[in-house]
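The file run.tsv comes next; it holds TSV, N, CA and C atoms.
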```tsv
chain	number	residue	atom	x	y	z
A	1	MET	N	-14.82	29.06	2.32
A	1	MET	CA	-15.70	29.02	3.47
A	1	MET	C	-15.16	29.88	4.62
A	2	TYR	N	-14.00	30.44	4.42
A	2	TYR	CA	-13.38	31.28	5.45
A	2	TYR	C	-14.33	32.40	5.88
A	3	ASP	N	-14.93	33.10	4.91
A	3	ASP	CA	-15.82	34.22	5.24
A	3	ASP	C	-17.04	33.77	6.03
A	4	GLU	N	-17.61	32.62	5.67
A	4	GLU	CA	-18.78	32.11	6.38
A	4	GLU	C	-18.42	31.75	7.82
A	5	ILE	N	-17.23	31.21	8.02
A	5	ILE	CA	-16.80	30.84	9.36
A	5	ILE	C	-16.59	32.09	10.21
A	6	VAL	N	-15.96	33.10	9.64
A	6	VAL	CA	-15.76	34.35	10.38
A	6	VAL	C	-17.10	34.99	10.71
A	7	GLU	N	-18.04	34.99	9.76
A	7	GLU	CA	-19.39	35.51	10.01
A	7	GLU	C	-20.06	34.76	11.15
A	8	ARG	N	-19.92	33.44	11.16
A	8	ARG	CA	-20.54	32.63	12.22
A	8	ARG	C	-19.92	32.95	13.57
A	9	LEU	N	-18.60	33.10	13.62
A	9	LEU	CA	-17.94	33.45	14.87
A	9	LEU	C	-18.43	34.79	15.39
A	10	ILE	N	-18.56	35.76	14.50
A	10	ILE	CA	-19.04	37.08	14.90
A	10	ILE	C	-20.49	37.00	15.37
A	11	SER	N	-21.30	36.20	14.68
A	11	SER	CA	-22.70	36.05	15.08
A	11	SER	C	-22.84	35.38	16.45
A	12	LEU	N	-21.83	34.61	16.83
A	12	LEU	CA	-21.82	33.97	18.15
A	12	LEU	C	-21.32	34.92	19.23
A	13	GLY	N	-20.93	36.13	18.85
A	13	GLY	CA	-20.47	37.11	19.82
A	13	GLY	C	-18.98	37.10	20.06
A	14	CYS	N	-18.25	36.40	19.23
A	14	CYS	CA	-16.80	36.33	19.37
A	14	CYS	C	-16.16	37.47	18.58
A	15	SER	N	-15.27	38.20	19.22
A	15	SER	CA	-14.55	39.22	18.48
A	15	SER	C	-13.46	38.51	17.66
A	16	TYR	N	-13.33	38.89	16.40
A	16	TYR	CA	-12.38	38.22	15.52
A	16	TYR	C	-11.43	39.25	14.93
A	17	ASP	N	-10.14	39.04	15.15
A	17	ASP	CA	-9.10	39.90	14.60
A	17	ASP	C	-8.28	39.06	13.64
A	18	SER	N	-8.43	39.33	12.34
A	18	SER	CA	-7.78	38.48	11.34
A	18	SER	C	-6.26	38.45	11.51
A	19	GLU	N	-5.68	39.53	11.96
A	19	GLU	CA	-4.23	39.57	12.13
A	19	GLU	C	-3.75	38.58	13.20
A	20	ASN	N	-4.50	38.47	14.27
A	20	ASN	CA	-4.10	37.59	15.38
A	20	ASN	C	-4.72	36.19	15.30
A	21	ASP	N	-5.88	36.07	14.67
A	21	ASP	CA	-6.63	34.82	14.74
A	21	ASP	C	-6.57	33.95	13.49
A	22	ASP	N	-6.07	34.48	12.38
A	22	ASP	CA	-6.08	33.72	11.13
A	22	ASP	C	-5.30	32.42	11.20
A	23	THR	N	-4.13	32.45	11.82
A	23	THR	CA	-3.33	31.22	11.89
A	23	THR	C	-4.08	30.11	12.60
A	24	LEU	N	-4.66	30.44	13.75
A	24	LEU	CA	-5.43	29.45	14.50
A	24	LEU	C	-6.65	29.00	13.72
A	25	LEU	N	-7.33	29.93	13.07
A	25	LEU	CA	-8.53	29.57	12.32
A	25	LEU	C	-8.20	28.62	11.17
A	26	TYR	N	-7.13	28.88	10.44
A	26	TYR	CA	-6.76	27.99	9.34
A	26	TYR	C	-6.38	26.60	9.85
A	27	GLU	N	-5.73	26.53	11.00
A	27	GLU	CA	-5.40	25.23	11.59
A	27	GLU	C	-6.68	24.48	11.96
A	28	GLU	N	-7.63	25.19	12.55
A	28	GLU	CA	-8.88	24.55	12.95
A	28	GLU	C	-9.75	24.19	11.75
A	29	MET	N	-9.64	24.97	10.67
A	29	MET	CA	-10.37	24.61	9.45
A	29	MET	C	-9.84	23.29	8.88
A	30	ALA	N	-8.52	23.14	8.88
A	30	ALA	CA	-7.93	21.88	8.39
A	30	ALA	C	-8.31	20.73	9.31
A	31	ARG	N	-8.27	20.97	10.61
A	31	ARG	CA	-8.63	19.93	11.59
A	31	ARG	C	-10.09	19.53	11.43
A	32	GLY	N	-10.98	20.51	11.27
A	32	GLY	CA	-12.40	20.23	11.08
A	32	GLY	C	-12.67	19.46	9.80
A	33	LYS	N	-11.95	19.84	8.75
A	33	LYS	CA	-12.12	19.14	7.47
A	33	LYS	C	-11.67	17.69	7.59
A	34	GLU	N	-10.54	17.46	8.22
A	34	GLU	CA	-10.06	16.08	8.43
A	34	GLU	C	-11.07	15.28	9.24
A	35	PHE	N	-11.62	15.89	10.30
A	35	PHE	CA	-12.59	15.19	11.13
A	35	PHE	C	-13.82	14.78	10.33
A	36	VAL	N	-14.38	15.73	9.57
A	36	VAL	CA	-15.60	15.46	8.80
A	36	VAL	C	-15.33	14.40	7.74
A	37	LEU	N	-14.25	14.57	6.99
A	37	LEU	CA	-13.95	13.62	5.91
A	37	LEU	C	-13.66	12.23	6.46
A	38	TYR	N	-12.91	12.15	7.53
A	38	TYR	CA	-12.57	10.85	8.10
A	38	TYR	C	-13.79	10.18	8.72
A	39	SER	N	-14.59	10.93	9.47
A	39	SER	CA	-15.73	10.31	10.14
A	39	SER	C	-16.83	9.91	9.17
A	40	CYS	N	-16.88	10.55	8.00
A	40	CYS	CA	-17.91	10.22	7.01
A	40	CYS	C	-17.38	9.39	5.85
A	41	ASN	N	-16.06	9.14	5.81
A	41	ASN	CA	-15.43	8.40	4.73
A	41	ASN	C	-15.70	9.06	3.38
A	42	LEU	N	-15.41	10.37	3.31
A	42	LEU	CA	-15.63	11.14	2.10
A	42	LEU	C	-14.32	11.73	1.60
A	43	SER	N	-14.33	12.18	0.35
A	43	SER	CA	-13.14	12.84	-0.19
A	43	SER	C	-13.30	14.36	-0.25
A	44	SER	N	-14.54	14.84	-0.14
A	44	SER	CA	-14.80	16.28	-0.08
A	44	SER	C	-16.06	16.51	0.76
A	45	ILE	N	-16.20	17.73	1.24
A	45	ILE	CA	-17.35	18.05	2.09
A	45	ILE	C	-18.53	18.44	1.20
A	46	PRO	N	-19.63	17.68	1.27
A	46	PRO	CA	-20.79	18.00	0.45
A	46	PRO	C	-21.52	19.24	0.98
A	47	SER	N	-22.24	19.91	0.11
A	47	SER	CA	-22.93	21.15	0.48
A	47	SER	C	-23.97	20.92	1.58
A	48	GLU	N	-24.50	19.70	1.69
A	48	GLU	CA	-25.53	19.41	2.69
A	48	GLU	C	-25.02	19.58	4.12
A	49	ILE	N	-23.73	19.42	4.32
A	49	ILE	CA	-23.21	19.51	5.69
A	49	ILE	C	-22.20	20.64	5.88
A	50	GLU	N	-22.21	21.61	4.97
A	50	GLU	CA	-21.31	22.75	5.13
A	50	GLU	C	-21.60	23.50	6.42
A	51	GLY	N	-22.87	23.62	6.78
A	51	GLY	CA	-23.24	24.28	8.03
A	51	GLY	C	-22.68	23.55	9.24
A	52	ALA	N	-22.73	22.23	9.21
A	52	ALA	CA	-22.16	21.44	10.31
A	52	ALA	C	-20.65	21.62	10.37
A	53	TYR	N	-20.02	21.63	9.20
A	53	TYR	CA	-18.57	21.85	9.14
A	53	TYR	C	-18.21	23.22	9.72
A	54	ILE	N	-18.95	24.24	9.36
A	54	ILE	CA	-18.69	25.58	9.89
A	54	ILE	C	-18.84	25.60	11.40
A	55	ASP	N	-19.88	24.97	11.93
A	55	ASP	CA	-20.06	24.91	13.38
A	55	ASP	C	-18.93	24.14	14.06
A	56	ILE	N	-18.48	23.07	13.46
A	56	ILE	CA	-17.39	22.28	14.03
A	56	ILE	C	-16.11	23.12	14.09
A	57	VAL	N	-15.81	23.82	13.01
A	57	VAL	CA	-14.61	24.68	12.99
A	57	VAL	C	-14.74	25.77	14.04
A	58	CYS	N	-15.90	26.38	14.14
A	58	CYS	CA	-16.10	27.41	15.16
A	58	CYS	C	-15.94	26.84	16.56
A	59	GLY	N	-16.44	25.63	16.77
A	59	GLY	CA	-16.28	24.97	18.07
A	59	GLY	C	-14.83	24.71	18.40
A	60	TYR	N	-14.09	24.19	17.43
A	60	TYR	CA	-12.66	23.95	17.64
A	60	TYR	C	-11.92	25.27	17.93
A	61	PHE	N	-12.25	26.30	17.16
A	61	PHE	CA	-11.60	27.60	17.32
A	61	PHE	C	-11.88	28.18	18.70
A	62	LEU	N	-13.14	28.19	19.10
A	62	LEU	CA	-13.49	28.75	20.41
A	62	LEU	C	-12.91	27.94	21.55
A	63	ARG	N	-12.89	26.62	21.39
A	63	ARG	CA	-12.31	25.78	22.44
A	63	ARG	C	-10.81	26.05	22.58
A	64	SER	N	-10.11	26.20	21.47
A	64	SER	CA	-8.68	26.50	21.53
A	64	SER	C	-8.43	27.84	22.22
A	65	LYS	N	-9.24	28.83	21.87
A	65	LYS	CA	-9.08	30.14	22.49
A	65	LYS	C	-9.48	30.10	23.97
A	66	LEU	N	-10.52	29.34	24.29
A	66	LEU	CA	-10.98	29.24	25.67
A	66	LEU	C	-9.93	28.58	26.54
A	67	TYR	N	-9.42	27.44	26.09
A	67	TYR	CA	-8.42	26.71	26.87
A	67	TYR	C	-7.09	27.46	26.92
A	68	GLY	N	-6.84	28.30	25.92
A	68	GLY	CA	-5.63	29.10	25.90
A	68	GLY	C	-5.75	30.38	26.71
A	69	GLY	N	-6.94	30.64	27.26
A	69	GLY	CA	-7.16	31.82	28.08
A	69	GLY	C	-7.40	33.08	27.28
A	70	ALA	N	-7.62	32.97	25.99
A	70	ALA	CA	-7.79	34.15	25.13
A	70	ALA	C	-9.23	34.67	25.12
A	71	LEU	N	-10.16	33.99	25.75
A	71	LEU	CA	-11.55	34.43	25.76
A	71	LEU	C	-11.97	35.04	27.09
A	72	SER	N	-11.02	35.42	27.90
A	72	SER	CA	-11.37	35.94	29.22
A	72	SER	C	-12.17	37.23	29.14
A	73	GLY	N	-12.03	37.99	28.05
A	73	GLY	CA	-12.76	39.25	27.92
A	73	GLY	C	-14.16	39.09	27.36
A	74	GLU	N	-14.51	37.92	26.88
A	74	GLU	CA	-15.84	37.71	26.30
A	74	GLU	C	-16.86	37.62	27.44
A	75	ASN	N	-18.02	38.24	27.24
A	75	ASN	CA	-19.02	38.22	28.30
A	75	ASN	C	-19.99	37.07	28.18
A	76	GLY	N	-20.19	36.54	26.99
A	76	GLY	CA	-21.05	35.36	26.81
A	76	GLY	C	-22.50	35.59	27.11
A	77	GLU	N	-22.96	36.83	27.13
A	77	GLU	CA	-24.34	37.11	27.51
A	77	GLU	C	-25.36	36.58	26.53
A	78	GLY	N	-25.01	36.48	25.25
A	78	GLY	CA	-25.97	36.04	24.25
A	78	GLY	C	-26.01	34.55	24.04
A	79	ILE	N	-25.30	33.78	24.85
A	79	ILE	CA	-25.23	32.34	24.64
A	79	ILE	C	-26.51	31.68	25.15
A	80	VAL	N	-27.15	30.92	24.27
A	80	VAL	CA	-28.38	30.23	24.62
A	80	VAL	C	-28.03	28.96	25.38
A	81	SER	N	-28.67	28.78	26.55
A	81	SER	CA	-28.39	27.58	27.33
A	81	SER	C	-29.45	26.50	27.14
A	82	ARG	N	-30.66	26.91	26.73
A	82	ARG	CA	-31.73	25.92	26.54
A	82	ARG	C	-32.75	26.46	25.57
A	83	ILE	N	-33.22	25.58	24.67
A	83	ILE	CA	-34.28	25.94	23.73
A	83	ILE	C	-35.34	24.86	23.82
A	84	THR	N	-36.60	25.26	24.00
A	84	THR	CA	-37.72	24.33	24.00
A	84	THR	C	-38.60	24.71	22.83
A	85	GLU	N	-38.93	23.78	21.97
A	85	GLU	CA	-39.69	24.12	20.77
A	85	GLU	C	-41.19	24.23	21.02
A	86	GLY	N	-41.77	23.33	21.80
A	86	GLY	CA	-43.19	23.41	22.13
A	86	GLY	C	-43.44	24.60	23.03
A	87	ASP	N	-44.29	25.52	22.64
A	87	ASP	CA	-44.57	26.77	23.35
A	87	ASP	C	-43.34	27.65	23.47
A	88	VAL	N	-42.39	27.50	22.61
A	88	VAL	CA	-41.18	28.30	22.42
A	88	VAL	C	-40.63	28.92	23.70
A	89	THR	N	-39.60	28.31	24.25
A	89	THR	CA	-38.87	28.83	25.40
A	89	THR	C	-37.41	28.96	25.01
A	90	VAL	N	-36.86	30.12	25.22
A	90	VAL	CA	-35.44	30.35	24.98
A	90	VAL	C	-34.86	30.88	26.27
A	91	GLU	N	-33.85	30.21	26.79
A	91	GLU	CA	-33.21	30.60	28.04
A	91	GLU	C	-31.75	30.92	27.77
A	92	TYR	N	-31.34	32.10	28.16
A	92	TYR	CA	-29.95	32.51	27.94
A	92	TYR	C	-29.10	32.16	29.15
A	93	ALA	N	-27.86	31.81	28.87
A	93	ALA	CA	-26.95	31.43	29.95
A	93	ALA	C	-26.72	32.59	30.91
A	94	ALA	N	-26.83	33.82	30.43
A	94	ALA	CA	-26.61	34.98	31.30
A	94	ALA	C	-27.71	35.10	32.35
A	95	ASP	N	-28.85	34.43	32.13
A	95	ASP	CA	-29.94	34.47	33.10
A	95	ASP	C	-29.62	33.64	34.33
A	96	LYS	N	-28.61	32.82	34.27
A	96	LYS	CA	-28.23	31.96	35.38
A	96	LYS	C	-26.92	32.45	35.97
A	97	GLU	N	-26.60	31.97	37.12
A	97	GLU	CA	-25.31	32.28	37.73
A	97	GLU	C	-24.29	31.28	37.22
A	98	VAL	N	-23.77	31.55	36.03
A	98	VAL	CA	-22.83	30.65	35.38
A	98	VAL	C	-21.62	31.49	34.96
A	99	SER	N	-20.45	30.93	35.12
A	99	SER	CA	-19.24	31.66	34.74
A	99	SER	C	-19.12	31.75	33.22
A	100	THR	N	-18.32	32.69	32.77
A	100	THR	CA	-18.08	32.84	31.33
A	100	THR	C	-17.50	31.57	30.75
A	101	TYR	N	-16.60	30.94	31.49
A	101	TYR	CA	-15.99	29.70	31.02
A	101	TYR	C	-17.07	28.64	30.78
A	102	GLU	N	-18.00	28.48	31.72
A	102	GLU	CA	-19.05	27.48	31.58
A	102	GLU	C	-19.98	27.81	30.41
A	103	ARG	N	-20.26	29.10	30.22
A	103	ARG	CA	-21.12	29.49	29.11
A	103	ARG	C	-20.48	29.15	27.77
A	104	VAL	N	-19.23	29.54	27.61
A	104	VAL	CA	-18.54	29.30	26.34
A	104	VAL	C	-18.32	27.80	26.14
A	105	ASP	N	-17.98	27.09	27.21
A	105	ASP	CA	-17.79	25.64	27.10
A	105	ASP	C	-19.09	24.94	26.68
A	106	GLY	N	-20.22	25.40	27.18
A	106	GLY	CA	-21.51	24.85	26.76
A	106	GLY	C	-21.79	25.13	25.30
A	107	LEU	N	-21.46	26.32	24.85
A	107	LEU	CA	-21.64	26.67	23.44
A	107	LEU	C	-20.75	25.80	22.57
A	108	VAL	N	-19.50	25.63	22.98
A	108	VAL	CA	-18.57	24.80	22.21
A	108	VAL	C	-19.09	23.37	22.11
A	109	SER	N	-19.62	22.84	23.19
A	109	SER	CA	-20.17	21.48	23.17
A	109	SER	C	-21.30	21.35	22.15
A	110	ARG	N	-22.17	22.36	22.11
A	110	ARG	CA	-23.28	22.32	21.14
A	110	ARG	C	-22.78	22.47	19.71
A	111	LEU	N	-21.76	23.28	19.50
A	111	LEU	CA	-21.21	23.45	18.15
A	111	LEU	C	-20.56	22.17	17.64
A	112	LEU	N	-19.96	21.42	18.54
A	112	LEU	CA	-19.26	20.20	18.14
A	112	LEU	C	-20.17	18.98	18.06
A	113	ASP	N	-21.39	19.08	18.57
A	113	ASP	CA	-22.32	17.95	18.58
A	113	ASP	C	-23.09	17.90	17.26
A	114	LYS	N	-22.44	17.45	16.22
A	114	LYS	CA	-23.03	17.41	14.88
A	114	LYS	C	-23.11	15.99	14.33
A	115	GLU	N	-23.09	15.02	15.20
A	115	GLU	CA	-23.09	13.62	14.78
A	115	GLU	C	-24.30	13.27	13.90
A	116	MET	N	-25.47	13.75	14.26
A	116	MET	CA	-26.67	13.42	13.49
A	116	MET	C	-26.60	14.01	12.07
A	117	GLU	N	-26.07	15.21	11.95
A	117	GLU	CA	-25.97	15.83	10.63
A	117	GLU	C	-24.95	15.10	9.76
A	118	LEU	N	-23.86	14.66	10.37
A	118	LEU	CA	-22.83	13.95	9.62
A	118	LEU	C	-23.29	12.56	9.20
A	119	THR	N	-24.16	11.97	9.99
A	119	THR	CA	-24.65	10.63	9.69
A	119	THR	C	-25.39	10.58	8.35
A	120	SER	N	-26.03	11.69	8.01
A	120	SER	CA	-26.83	11.70	6.77
A	120	SER	C	-25.98	11.54	5.50
A	121	VAL	N	-24.69	11.83	5.56
A	121	VAL	CA	-23.83	11.70	4.37
A	121	VAL	C	-22.74	10.65	4.53
A	122	ARG	N	-22.74	9.97	5.66
A	122	ARG	CA	-21.69	8.98	5.94
A	122	ARG	C	-21.77	7.82	4.94
A	123	LYS	N	-20.59	7.40	4.49
A	123	LYS	CA	-20.49	6.25	3.59
A	123	LYS	C	-19.78	5.13	4.31
A	124	ILE	N	-20.24	3.93	4.04
A	124	ILE	CA	-19.63	2.75	4.67
A	124	ILE	C	-18.34	2.40	3.95
A	125	LYS	N	-17.33	2.14	4.72
A	125	LYS	CA	-16.04	1.76	4.15
A	125	LYS	C	-15.99	0.25	4.01
A	126	TRP	N	-15.68	-0.23	2.83
A	126	TRP	CA	-15.61	-1.68	2.60
A	126	TRP	C	-14.19	-2.14	2.62
```
Once you've parsed the file, please lay out its structure as structure tokens.
Amino acid sequence: MYDEIVERLISLGCSYDSENDDTLLYEEMARGKEFVLYSCNLSSIPSEIEGAYIDIVCGYFLRSKLYGGALSGENGEGIVSRITEGDVTVEYAADKEVSTYERVDGLVSRLLDKEMELTSVRKIKW
């Protein structure tokens, strides 16, 4: 799933340098896997929630880079701040007077908010 995660990061507008970012990404992949497996009481990640897992890993990765100050060069112009489905409204964070930190932090929050998707595969522990 490494390639899919890197693709997702790039699609989110994050520059990815495998030489500098691989160590952090592998740590966040392990952390994301532990989170998903523990919160769902599973032994492996089912294909139904691979997309949620990828988003969670991307959220962890971006948050680590953001809090570490490594995302200061990102402009965040493509980050969506609001989507309305009825009569289709898409509002980009760059349209508002919002700092790069706030834009990326909002994106990270949305990437990590996968509770509903994880609920569909959660097993009760007896």
To one decimal in Å, tell me the separation between atom N of A:Ile10 and atom C of A:Leu37.
-> 25.3 Å
Between atom CA of A:Ile56 and atom CA of A:Val121, measure the distance and give it in Å to one decimal.
-> 15.7 Å
Just give me the gap between atom N of A:Tyr67 and atom CA of A:Asp105 in Å, one decimal is fine.
->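 Between atom N of A:Tyr67 and atom CA of A:Asp105 the gap works out to 8.6 Å.
If you measure from each of A:Ser44, A:Thr23, A:Ser39, A:Ser18 to A:Thr119 using only N, CA and C atoms, the closest one turns out to be A:Ser39.
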Using all atoms listed in the file, what residues lie at most 8 Å away from (-12.9, 23.2, 18.0) (file coordinates), given as a VMD selection string?
-> chain A and resid 28 32 55 to 65 108 111 to 112
A:Leu107, A:Asp3, A:Asp22, A:Cys40 ranked by distance to A:Lys125, top pick (using all atoms listed in the file) =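 Selected residue with least distance to A:Lys125: A:Cys40.
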Can you give me all heavy atoms for stretch 55-66 of chain A, written as an mmCIF file, in the coordinates of the input?
```cif
data_model
loop_
_atom_site.group_PDB
_atom_site.id
_atom_site.type_symbol
_atom_site.label_atom_id
_atom_site.label_comp_id
_atom_site.auth_asym_id
_atom_site.auth_seq_id
_atom_site.Cartn_x
_atom_site.Cartn_y
_atom_site.Cartn_z
ATOM 1 N N ASP A 55 -19.880 24.970 11.930
ATOM 2 C CA ASP A 55 -20.060 24.910 13.380
ATOM 3 C C ASP A 55 -18.930 24.140 14.060
ATOM 4 O O ASP A 55 -18.459 24.537 15.128
ATOM 5 C CB ASP A 55 -21.402 24.273 13.742
ATOM 6 C CG ASP A 55 -22.552 25.261 13.627
ATOM 7 O OD1 ASP A 55 -22.293 26.462 13.397
ATOM 8 O OD2 ASP A 55 -23.712 24.830 13.779
ATOM 9 N N ILE A 56 -18.480 23.070 13.460
ATOM 10 C CA ILE A 56 -17.390 22.280 14.030
ATOM 11 C C ILE A 56 -16.110 23.120 14.090
ATOM 12 O O ILE A 56 -15.415 23.143 15.101
ATOM 13 C CB ILE A 56 -17.186 20.972 13.241
ATOM 14 C CG1 ILE A 56 -18.356 20.024 13.500
ATOM 15 C CG2 ILE A 56 -15.859 20.313 13.597
ATOM 16 C CD1 ILE A 56 -18.411 18.819 12.583
ATOM 17 N N VAL A 57 -15.810 23.820 13.010
ATOM 18 C CA VAL A 57 -14.610 24.680 12.990
ATOM 19 C C VAL A 57 -14.740 25.770 14.040
ATOM 20 O O VAL A 57 -13.779 26.042 14.769
ATOM 21 C CB VAL A 57 -14.395 25.282 11.580
ATOM 22 C CG1 VAL A 57 -13.290 26.331 11.606
ATOM 23 C CG2 VAL A 57 -14.055 24.190 10.581
ATOM 24 N N CYS A 58 -15.900 26.380 14.140
ATOM 25 C CA CYS A 58 -16.100 27.410 15.160
ATOM 26 C C CYS A 58 -15.940 26.840 16.560
ATOM 27 O O CYS A 58 -15.350 27.472 17.444
ATOM 28 C CB CYS A 58 -17.482 28.045 15.016
ATOM 29 S SG CYS A 58 -17.666 29.073 13.551
ATOM 30 N N GLY A 59 -16.440 25.630 16.770
ATOM 31 C CA GLY A 59 -16.280 24.970 18.070
ATOM 32 C C GLY A 59 -14.830 24.710 18.400
ATOM 33 O O GLY A 59 -14.368 24.966 19.514
ATOM 34 N N TYR A 60 -14.090 24.190 17.430
ATOM 35 C CA TYR A 60 -12.660 23.950 17.640
ATOM 36 C C TYR A 60 -11.920 25.270 17.930
ATOM 37 O O TYR A 60 -11.086 25.348 18.817
ATOM 38 C CB TYR A 60 -12.022 23.312 16.401
ATOM 39 C CG TYR A 60 -12.306 21.841 16.207
ATOM 40 C CD1 TYR A 60 -12.182 21.266 14.948
ATOM 41 C CD2 TYR A 60 -12.669 21.015 17.257
ATOM 42 C CE1 TYR A 60 -12.416 19.916 14.740
ATOM 43 C CE2 TYR A 60 -12.910 19.677 17.053
ATOM 44 C CZ TYR A 60 -12.789 19.130 15.793
ATOM 45 O OH TYR A 60 -13.017 17.794 15.604
ATOM 46 N N PHE A 61 -12.250 26.300 17.160
ATOM 47 C CA PHE A 61 -11.600 27.600 17.320
ATOM 48 C C PHE A 61 -11.880 28.180 18.700
ATOM 49 O O PHE A 61 -10.949 28.608 19.412
ATOM 50 C CB PHE A 61 -12.085 28.551 16.225
ATOM 51 C CG PHE A 61 -11.524 29.935 16.311
ATOM 52 C CD1 PHE A 61 -10.267 30.212 15.805
ATOM 53 C CD2 PHE A 61 -12.255 30.961 16.880
ATOM 54 C CE1 PHE A 61 -9.737 31.485 15.882
ATOM 55 C CE2 PHE A 61 -11.735 32.243 16.955
ATOM 56 C CZ PHE A 61 -10.477 32.504 16.454
ATOM 57 N N LEU A 62 -13.140 28.190 19.100
ATOM 58 C CA LEU A 62 -13.490 28.750 20.410
ATOM 59 C C LEU A 62 -12.910 27.940 21.550
ATOM 60 O O LEU A 62 -12.469 28.502 22.553
ATOM 61 C CB LEU A 62 -15.015 28.850 20.541
ATOM 62 C CG LEU A 62 -15.679 29.905 19.663
ATOM 63 C CD1 LEU A 62 -17.188 29.786 19.735
ATOM 64 C CD2 LEU A 62 -15.229 31.297 20.061
ATOM 65 N N ARG A 63 -12.890 26.620 21.390
ATOM 66 C CA ARG A 63 -12.310 25.780 22.440
ATOM 67 C C ARG A 63 -10.810 26.050 22.580
ATOM 68 O O ARG A 63 -10.304 26.165 23.694
ATOM 69 C CB ARG A 63 -12.564 24.301 22.157
ATOM 70 C CG ARG A 63 -12.041 23.404 23.281
ATOM 71 C CD ARG A 63 -12.468 21.981 23.140
ATOM 72 N NE ARG A 63 -12.040 21.435 21.857
ATOM 73 C CZ ARG A 63 -12.430 20.261 21.389
ATOM 74 N NH1 ARG A 63 -13.261 19.511 22.087
ATOM 75 N NH2 ARG A 63 -12.007 19.808 20.235
ATOM 76 N N SER A 64 -10.110 26.200 21.470
ATOM 77 C CA SER A 64 -8.680 26.500 21.530
ATOM 78 C C SER A 64 -8.430 27.840 22.220
ATOM 79 O O SER A 64 -7.536 27.966 23.048
ATOM 80 C CB SER A 64 -8.073 26.523 20.127
ATOM 81 O OG SER A 64 -8.103 25.246 19.562
ATOM 82 N N LYS A 65 -9.240 28.830 21.870
ATOM 83 C CA LYS A 65 -9.080 30.140 22.490
ATOM 84 C C LYS A 65 -9.480 30.100 23.970
ATOM 85 O O LYS A 65 -8.843 30.740 24.806
ATOM 86 C CB LYS A 65 -9.893 31.187 21.748
ATOM 87 C CG LYS A 65 -9.291 31.514 20.384
ATOM 88 C CD LYS A 65 -9.904 32.734 19.773
ATOM 89 C CE LYS A 65 -9.373 33.932 20.495
ATOM 90 N NZ LYS A 65 -9.459 35.178 19.760
ATOM 91 N N LEU A 66 -10.520 29.340 24.290
ATOM 92 C CA LEU A 66 -10.980 29.240 25.670
ATOM 93 C C LEU A 66 -9.930 28.580 26.540
ATOM 94 O O LEU A 66 -9.566 29.084 27.598
ATOM 95 C CB LEU A 66 -12.288 28.448 25.733
ATOM 96 C CG LEU A 66 -12.882 28.218 27.120
ATOM 97 C CD1 LEU A 66 -13.334 29.541 27.721
ATOM 98 C CD2 LEU A 66 -14.053 27.249 27.031
#
```
